[in-house]
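Shown next, in structure tokens, is the structure this report addresses.
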Amino acid sequence: MDFSGRHIMSIQDFSRDELEHIFKVASDMEKYVKTGSDTLKNKILASLFFEPSTRTRFSFTSAMYRLGGNVLGFDDPEMSSKAKGETLVDSIRVIDSYADAIVIRHTIEGIVELAAEYSNVPIINAGSGTLGHPTQAMLDLFSILREKNTIDGLTIGILGDLKYGRSVKSLAYGLANYDVKLVLIAPELLRMRRDILEDLSEAGKSIREVPYLEETISDLDILYVTRIQEERFPDPSEYEKVKGYFIISKKSLKSAKDDLIVLHPLPRVGEISTDVDSTKHARYFKQSYYGLMVRMALLSLIMS
Amino acid sequence: MDFSGRHIMSIQDFSRDELEHIFKVASDMEKYVKTGSDTLKNKILASLFFEPSTRTRFSFTSAMYRLGGNVLGFDDPEMSSKAKGETLVDSIRVIDSYADAIVIRHTIEGIVELAAEYSNVPIINAGSGTLGHPTQAMLDLFSILREKNTIDGLTIGILGDLKYGRSVKSLAYGLANYDVKLVLIAPELLRMRRDILEDLSEAGKSIREVPYLEETISDLDILYVTRIQEERFPDPSEYEKVKGYFIISKKSLKSAKDDLIVLHPLPRVGEISTDVDSTKHARYFKQSYYGLMVRMALLSLIMS
Amino acid sequence: MDFSGRHIMSIQDFSRDELEHIFKVASDMEKYVKTGSDTLKNKILASLFFEPSTRTRFSFTSAMYRLGGNVLGFDDPEMSSKAKGETLVDSIRVIDSYADAIVIRHTIEGIVELAAEYSNVPIINAGSGTLGHPTQAMLDLFSILREKNTIDGLTIGILGDLKYGRSVKSLAYGLANYDVKLVLIAPELLRMRRDILEDLSEAGKSIREVPYLEETISDLDILYVTRIQEERFPDPSEYEKVKGYFIISKKSLKSAKDDLIVLHPLPRVGEISTDVDSTKHARYFKQSYYGLMVRMALLSLIMS
């Protein structure tokens, strides 16, 4: 399977076979996490973060370094207003002489695809409006696979802001490749968009929507938690009513299966209490480590 | 020819022989652009951009990485106000312990020369008031040479803001080393400064000044376009009158020679329409690639 | 002596034997300053500067590069407000997957210790409220040792803001390991805190406090100068009265010993006149070079 030169735009561009190939390579990368390697020696990644994201940026940078490569770039919200459409295309046509791959995070819809159209080197979407966040979805799937040795057959709860959350949309499409039961846990206002639910139904997924975690906690093998932002609620009192239900604590997990795994894309802002950190369920820090392996795999696949 | 330890301050410090040596080394660098090299392994470039310039900064960084070296630095307009005169000299006397060469861009007149006076390691001027932008001029000359196999004998049009433009001044002095015909294309308000014209005349250059491109387009082998900034015109209506003449489109080039080459230091802000990008004349993106080769050459020459 | 995995939190955590081991390794590092080495090949340092410090950041970065390692991070005062307590702990638990050591500078009291509690990789305190600035103290001691071949037996003057200065506190505790005479030179308002003086007395140090340099200049082997900030004085006229006494010029040193060495943690803001730079006493630029060696030693010791 040849990924050389391929853009990483959307999780929906990847078949199950391709995902499994990436996960196999990711597992092979584990030996390089501590020892490093010369796989990408003399290769350069341009890292263009028009929207800041310390964690994602560090993850790609670390992945590149562990493979012996180097990174140039910026991490600057102010660039976002400056670099629109044509200007970004011009930048890409310059930067593709300076780098062997380009990772971009941008707030503006469609701009990462536009960049990919003009670039001579592969582009990785590190989060953008329409396309979601494909490498996050891959690392979420990989985390599940590594913790459970399978994705098929699992009951997976996704909790939080399912309407606006970028990670959640990509994860749902990623899971559509597997034989899973999805339980979507969200307040009325933040339920997943109908068109995505239809896509998932068409893919033959079993989907259940519930308003509160307590209705389903005992069914779950995986609980994927994301943030609920107060500002999504037109009426603050609406938020106050539901927020307690969406803060996961040790107590929320008391009727969980023994081997329930809790994931979160991070950063969290209070939606998982720190008393969960030391339980056997918490894997959200380990998830970052799995993410490093997945990004090492992707970088080596597209640049080799 | 030994450039080891030499400061790169102004294009006027370089003889034709020296420029040709740099261009020869730059051409030799092409093989390393994709494969990389260990020429500057363990060497460090300090990159101090007191005035931001993503493209120039990335170009030097990529050049350093391609040669196996490393880069530390900042890219911060706020540093500019903080780091004046004495303070910068102190910084340089610290940083020259941390790096093997220092590249500086600064808005303040004379500050790069001041740094060079105190530094134990070579300083590269990446754009400053008085000294122009010598590495840009070198890459402009190199681009012409690579595209035409010669610089001597060419008719070269330079269009845009010839009064204030930093790149233009350095390019003119660079071209003074060659047997070229210069055509300076600018509105009355933005004509090249008299003292520079006199220097060029003394160097025996044939110079013609014309107000509009259409008067000379059919003569040109090279058209070098730069930006005209609206804010240079005291009366905005003056700008409105001329601006149409200084936006180059496919149509502006209809009576051009078949092998006319269009260059631009980038970024452009509308002064070349995107319909030119796909013509056989456009080389402004390739120019960045040539720039990488020139900067690799300079870095390896001064640090070896 | 095994430093592998050890946090570098406070100078007070280090015994004289340990300091001497670090200084021995630092001297061994000199050969790598120019040639580089592969000691930390494939290793990554995360450099988290919540409070900006170009010099300290560059020093650690250069040290890492000289040893063949790599650096990721940020240098951003805005992060400081965002990343408090729990959030920083979460970040550390992610970043410790991406790096082999983490260097942190932060304004908030206690936050570097908190990070160390949760990190799987060693943390270096690069300046924080309570803990002072241990690597600065080590490089100060090392500078004295290199210039004088001994620390024992010296008379060491410390001048400036002894009450609030971060470097000064760490240096005083570092010197407590040696048989030195300390002369503390400060205006009444900025005298060293009583508890620190008591700690030093208990450690058997001979301490003399004087208000002005001229009373002691002829006794000193080392004069360590730090900044006095005008804003420390409630009444500006108080500052005006004393400031002249705390600007060191060539004239201030006229009755100094021939081999007096002047040190300063830099940056200076006028407290040493530039006419001192060319005297035989000045070593504050060399001090940065010694600092590079000390940081190379520490990085290699904790990551090997």
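Chain labels run A, B, ... following the order of the structure tokens; each chain numbers its residues from 1, and ligands are numbered from 1 in the order shown.
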*Any idea what's packed within 9 Å of Arg146 (chain C), counting only C-alpha atoms, ignoring anything in its chain fewer than 4 positions away? Could you give it as an NGL selection string?*
:C and (27 or 141-142 or 150 or 290)
For the contact check between chain C and chain A, emit one row per residue of chain C within 6 Å, containing the shortest atom pair and the distance in Å rounded to one decimal, counting only C-alpha atoms, chain then rising number order, as a tab-separated table.
residue	atom	partner	partner_atom	distance
C:Asn42	CA	A:Gly36	CA	5.0
C:Val94	CA	A:Phe285	CA	5.9
C:Ser97	CA	A:Tyr289	CA	5.5
C:Tyr98	CA	A:Ser62	CA	5.4
*So which residues of region 237-300 of chain A fall under strand (DSSP E or B) by DSSP, listed as a ChimeraX atom specification?*
/A:248,261-263,272,282
Write a file of the selected residues as a short mmCIF file (atom, residue, chain, number, x, y, z; two decimals), in the first residue's frame, keeping N, CA, C and O atoms.
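Full text of selection.cif as output:
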data_model
loop_
_atom_site.label_atom_id
_atom_site.label_comp_id
_atom_site.auth_asym_id
_atom_site.auth_seq_id
_atom_site.Cartn_x
_atom_site.Cartn_y
_atom_site.Cartn_z
N ILE A 248 -17.70 14.28 34.07
CA ILE A 248 -17.50 12.88 34.44
C ILE A 248 -16.60 12.80 35.67
O ILE A 248 -15.50 13.35 35.66
N ILE A 261 -12.89 1.91 29.14
CA ILE A 261 -11.76 2.81 28.87
C ILE A 261 -12.32 4.21 28.59
O ILE A 261 -13.22 4.35 27.76
N VAL A 262 -11.79 5.22 29.29
CA VAL A 262 -12.22 6.61 29.06
C VAL A 262 -11.16 7.34 28.23
O VAL A 262 -9.98 7.35 28.59
N LEU A 263 -11.61 7.92 27.14
CA LEU A 263 -10.73 8.70 26.25
C LEU A 263 -11.20 10.15 26.19
O LEU A 263 -12.36 10.45 26.50
N ILE A 272 -13.76 16.18 32.77
CA ILE A 272 -13.42 14.95 33.50
C ILE A 272 -12.73 15.39 34.79
O ILE A 272 -11.69 16.07 34.73
N ALA A 282 -8.96 5.46 33.10
CA ALA A 282 -8.38 6.63 32.40
C ALA A 282 -7.30 6.23 31.40
O ALA A 282 -6.34 5.54 31.75
#
*Could you find all residues in region 10-253 of chain C that DSSP calls alpha helix (DSSP H) from the backbone, and write them as an NGL selection string?*
:C and (16-35 or 54-66 or 77-82 or 85-95 or 111-118 or 134-148 or 166-175 or 194-202 or 236-243)
_Give me, as a ChimeraX atom specification, all polymer residues having an atom no more than 8 Å from Lys163 (chain B), counting only C-alpha atoms and skipping those fewer than 6 positions away in the same chain._
/B:190-193
*asked:* Could you check the closest approach to Phe3 (chain B) for each of B:Pro122, B:Gly110, B:Gly132, B:Gly127 and tell me which residue wins, using only C-alpha atoms?
replied: B:Pro122
*Leaving out Glu240 (chain C) and any residue of its chain fewer than 4 positions from it, which residues lie within 9 Å of it when counting only C-alpha atoms, given as number ranges by chain?*
C: 230, 236, 244
Name the residues in contact with Leu189 (chain A) at a cut-off of 12 Å, using only C-alpha atoms, excluding same-chain residues fewer than 2 positions from it; report them as a compact mmCIF listing (two decimals) with all heavy atoms, in the first residue's frame.
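Written file, out.txt:
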# COMPACT_ATOMS: atom_id res chain seq x y z
N GLY A 160 -20.75 14.62 24.92
CA GLY A 160 -20.36 16.02 24.92
C GLY A 160 -21.04 16.79 23.83
O GLY A 160 -22.21 16.57 23.53
N ASP A 161 -20.29 17.73 23.24
CA ASP A 161 -20.82 18.58 22.19
C ASP A 161 -20.67 17.84 20.86
O ASP A 161 -19.64 17.92 20.20
CB ASP A 161 -20.06 19.90 22.17
CG ASP A 161 -20.50 20.79 21.03
OD1 ASP A 161 -21.33 20.35 20.20
OD2 ASP A 161 -20.01 21.92 20.96
N LEU A 162 -21.73 17.13 20.46
CA LEU A 162 -21.65 16.31 19.25
C LEU A 162 -22.04 17.12 18.01
O LEU A 162 -21.90 16.65 16.89
CB LEU A 162 -22.55 15.08 19.38
CG LEU A 162 -22.33 14.26 20.66
CD1 LEU A 162 -23.13 12.96 20.58
CD2 LEU A 162 -20.86 13.96 20.88
N LYS A 163 -22.53 18.34 18.25
CA LYS A 163 -22.99 19.15 17.13
C LYS A 163 -21.84 19.95 16.51
O LYS A 163 -21.68 19.99 15.30
CB LYS A 163 -24.07 20.12 17.62
CG LYS A 163 -24.74 20.91 16.50
CD LYS A 163 -25.98 21.61 17.01
CE LYS A 163 -26.72 22.32 15.89
NZ LYS A 163 -27.91 23.01 16.44
N TYR A 164 -21.03 20.57 17.35
CA TYR A 164 -19.99 21.46 16.84
C TYR A 164 -18.58 20.87 16.94
O TYR A 164 -17.66 21.34 16.30
CB TYR A 164 -20.02 22.79 17.59
CG TYR A 164 -21.35 23.50 17.52
CD1 TYR A 164 -22.26 23.44 18.57
CD2 TYR A 164 -21.70 24.21 16.37
CE1 TYR A 164 -23.49 24.10 18.50
CE2 TYR A 164 -22.92 24.86 16.29
CZ TYR A 164 -23.81 24.80 17.35
OH TYR A 164 -25.01 25.44 17.27
N ILE A 185 -24.23 10.57 23.43
CA ILE A 185 -24.74 11.11 24.69
C ILE A 185 -24.56 12.63 24.67
O ILE A 185 -23.45 13.14 24.75
CB ILE A 185 -23.94 10.51 25.88
CG1 ILE A 185 -23.92 8.98 25.76
CG2 ILE A 185 -24.52 10.96 27.21
CD1 ILE A 185 -22.69 8.31 26.36
N ALA A 186 -25.69 13.35 24.54
CA ALA A 186 -25.59 14.80 24.42
C ALA A 186 -26.91 15.43 24.80
O ALA A 186 -27.98 14.82 24.64
CB ALA A 186 -25.25 15.20 22.98
N PRO A 187 -26.87 16.66 25.30
CA PRO A 187 -28.13 17.36 25.54
C PRO A 187 -28.78 17.68 24.20
O PRO A 187 -28.10 17.75 23.17
CB PRO A 187 -27.69 18.64 26.26
CG PRO A 187 -26.25 18.82 25.93
CD PRO A 187 -25.70 17.46 25.66
N ARG A 191 -27.04 17.68 19.99
CA ARG A 191 -27.07 16.35 19.35
C ARG A 191 -26.36 16.39 18.01
O ARG A 191 -26.22 17.43 17.38
CB ARG A 191 -28.51 15.90 19.17
CG ARG A 191 -29.14 15.47 20.49
CD ARG A 191 -30.63 15.26 20.36
NE ARG A 191 -30.94 14.17 19.43
CZ ARG A 191 -32.17 13.90 19.00
NH1 ARG A 191 -33.20 14.65 19.39
NH2 ARG A 191 -32.37 12.90 18.18
N MET A 192 -25.89 15.23 17.60
CA MET A 192 -25.15 15.15 16.34
C MET A 192 -26.05 15.53 15.17
O MET A 192 -27.26 15.26 15.19
CB MET A 192 -24.61 13.73 16.16
CG MET A 192 -23.59 13.66 15.03
SD MET A 192 -22.69 12.10 15.02
CE MET A 192 -21.35 12.43 16.16
N ARG A 193 -25.46 16.15 14.15
CA ARG A 193 -26.22 16.61 12.99
C ARG A 193 -26.88 15.44 12.26
O ARG A 193 -26.30 14.36 12.13
CB ARG A 193 -25.31 17.38 12.03
CG ARG A 193 -25.04 18.81 12.49
CD ARG A 193 -23.88 19.44 11.75
NE ARG A 193 -23.82 18.99 10.36
CZ ARG A 193 -22.72 19.04 9.59
NH1 ARG A 193 -21.59 19.49 10.09
NH2 ARG A 193 -22.75 18.61 8.35
N PRO A 211 -29.86 11.16 26.38
CA PRO A 211 -29.51 12.49 26.90
C PRO A 211 -28.47 12.47 28.02
O PRO A 211 -27.74 13.43 28.20
CB PRO A 211 -30.85 13.04 27.39
CG PRO A 211 -31.69 11.84 27.67
CD PRO A 211 -31.20 10.74 26.80
N ILE A 228 -18.15 20.44 26.50
CA ILE A 228 -19.36 21.20 26.19
C ILE A 228 -19.06 22.66 26.50
O ILE A 228 -18.71 23.01 27.62
CB ILE A 228 -20.55 20.72 27.03
CG1 ILE A 228 -20.93 19.32 26.59
CG2 ILE A 228 -21.73 21.69 26.90
CD1 ILE A 228 -22.22 18.81 27.19
N GLN A 229 -19.16 23.51 25.49
CA GLN A 229 -18.82 24.91 25.71
C GLN A 229 -20.07 25.70 26.09
O GLN A 229 -21.05 25.70 25.36
CB GLN A 229 -18.19 25.50 24.46
CG GLN A 229 -16.79 24.91 24.20
CD GLN A 229 -16.28 25.26 22.82
OE1 GLN A 229 -16.71 24.69 21.83
NE2 GLN A 229 -15.37 26.22 22.77
N GLU A 230 -19.98 26.39 27.19
CA GLU A 230 -21.10 27.18 27.70
C GLU A 230 -21.65 28.11 26.62
O GLU A 230 -22.86 28.30 26.49
CB GLU A 230 -20.64 28.00 28.91
CG GLU A 230 -21.78 28.76 29.57
CD GLU A 230 -21.38 29.35 30.92
OE1 GLU A 230 -20.25 29.12 31.37
OE2 GLU A 230 -22.21 30.06 31.53
N GLU A 231 -20.74 28.67 25.79
CA GLU A 231 -21.16 29.67 24.81
C GLU A 231 -22.04 29.11 23.68
O GLU A 231 -22.62 29.88 22.91
CB GLU A 231 -19.96 30.44 24.24
CG GLU A 231 -18.86 29.60 23.65
CD GLU A 231 -17.80 29.18 24.67
OE1 GLU A 231 -18.16 28.97 25.85
OE2 GLU A 231 -16.63 29.03 24.28
N ARG A 232 -22.18 27.79 23.64
CA ARG A 232 -23.07 27.20 22.64
C ARG A 232 -24.55 27.38 23.00
O ARG A 232 -25.43 27.22 22.17
CB ARG A 232 -22.81 25.70 22.48
CG ARG A 232 -21.42 25.32 22.00
CD ARG A 232 -21.11 25.88 20.65
NE ARG A 232 -19.86 25.36 20.12
CZ ARG A 232 -19.27 25.86 19.05
NH1 ARG A 232 -19.80 26.90 18.41
NH2 ARG A 232 -18.14 25.34 18.61
N PHE A 233 -24.79 27.65 24.28
CA PHE A 233 -26.17 27.75 24.75
C PHE A 233 -26.66 29.19 24.66
O PHE A 233 -26.06 30.08 25.27
CB PHE A 233 -26.28 27.26 26.20
CG PHE A 233 -26.06 25.79 26.34
CD1 PHE A 233 -24.78 25.25 26.32
CD2 PHE A 233 -27.15 24.92 26.45
CE1 PHE A 233 -24.58 23.88 26.43
CE2 PHE A 233 -26.95 23.55 26.57
CZ PHE A 233 -25.67 23.03 26.55
N PRO A 234 -27.76 29.41 23.92
CA PRO A 234 -28.27 30.80 23.81
C PRO A 234 -28.67 31.33 25.19
O PRO A 234 -28.48 32.50 25.49
CB PRO A 234 -29.49 30.68 22.90
CG PRO A 234 -29.59 29.26 22.45
CD PRO A 234 -28.60 28.44 23.19
N ASP A 235 -29.18 30.44 26.02
CA ASP A 235 -29.65 30.87 27.34
C ASP A 235 -28.77 30.21 28.41
O ASP A 235 -28.78 29.00 28.58
CB ASP A 235 -31.11 30.42 27.49
CG ASP A 235 -31.66 30.74 28.88
OD1 ASP A 235 -30.90 31.23 29.75
OD2 ASP A 235 -32.86 30.46 29.09
N GLU A 238 -29.97 27.40 30.56
CA GLU A 238 -30.03 26.08 29.92
C GLU A 238 -28.75 25.29 30.21
O GLU A 238 -28.76 24.10 30.47
CB GLU A 238 -30.16 26.22 28.40
CG GLU A 238 -31.51 26.65 27.89
CD GLU A 238 -32.58 25.59 28.14
OE1 GLU A 238 -32.33 24.40 27.81
OE2 GLU A 238 -33.64 25.94 28.70
N TYR A 239 -27.63 26.00 30.09
CA TYR A 239 -26.33 25.38 30.33
C TYR A 239 -26.22 24.91 31.76
O TYR A 239 -25.81 23.78 32.05
CB TYR A 239 -25.19 26.35 29.99
CG TYR A 239 -23.84 25.82 30.37
CD1 TYR A 239 -23.24 24.78 29.64
CD2 TYR A 239 -23.15 26.33 31.47
CE1 TYR A 239 -22.00 24.28 30.00
CE2 TYR A 239 -21.90 25.84 31.83
CZ TYR A 239 -21.33 24.82 31.10
OH TYR A 239 -20.11 24.32 31.46
N VAL A 242 -27.84 21.55 32.47
CA VAL A 242 -27.28 20.27 31.98
C VAL A 242 -25.84 20.01 32.40
O VAL A 242 -25.37 18.87 32.39
CB VAL A 242 -27.37 20.15 30.44
CG1 VAL A 242 -28.82 20.28 29.98
CG2 VAL A 242 -26.48 21.17 29.74
*Interatomic distance, CA of Phe74 (chain C) to CA of Phe49 (chain C) (Å, one decimal)*: 6.0 Å
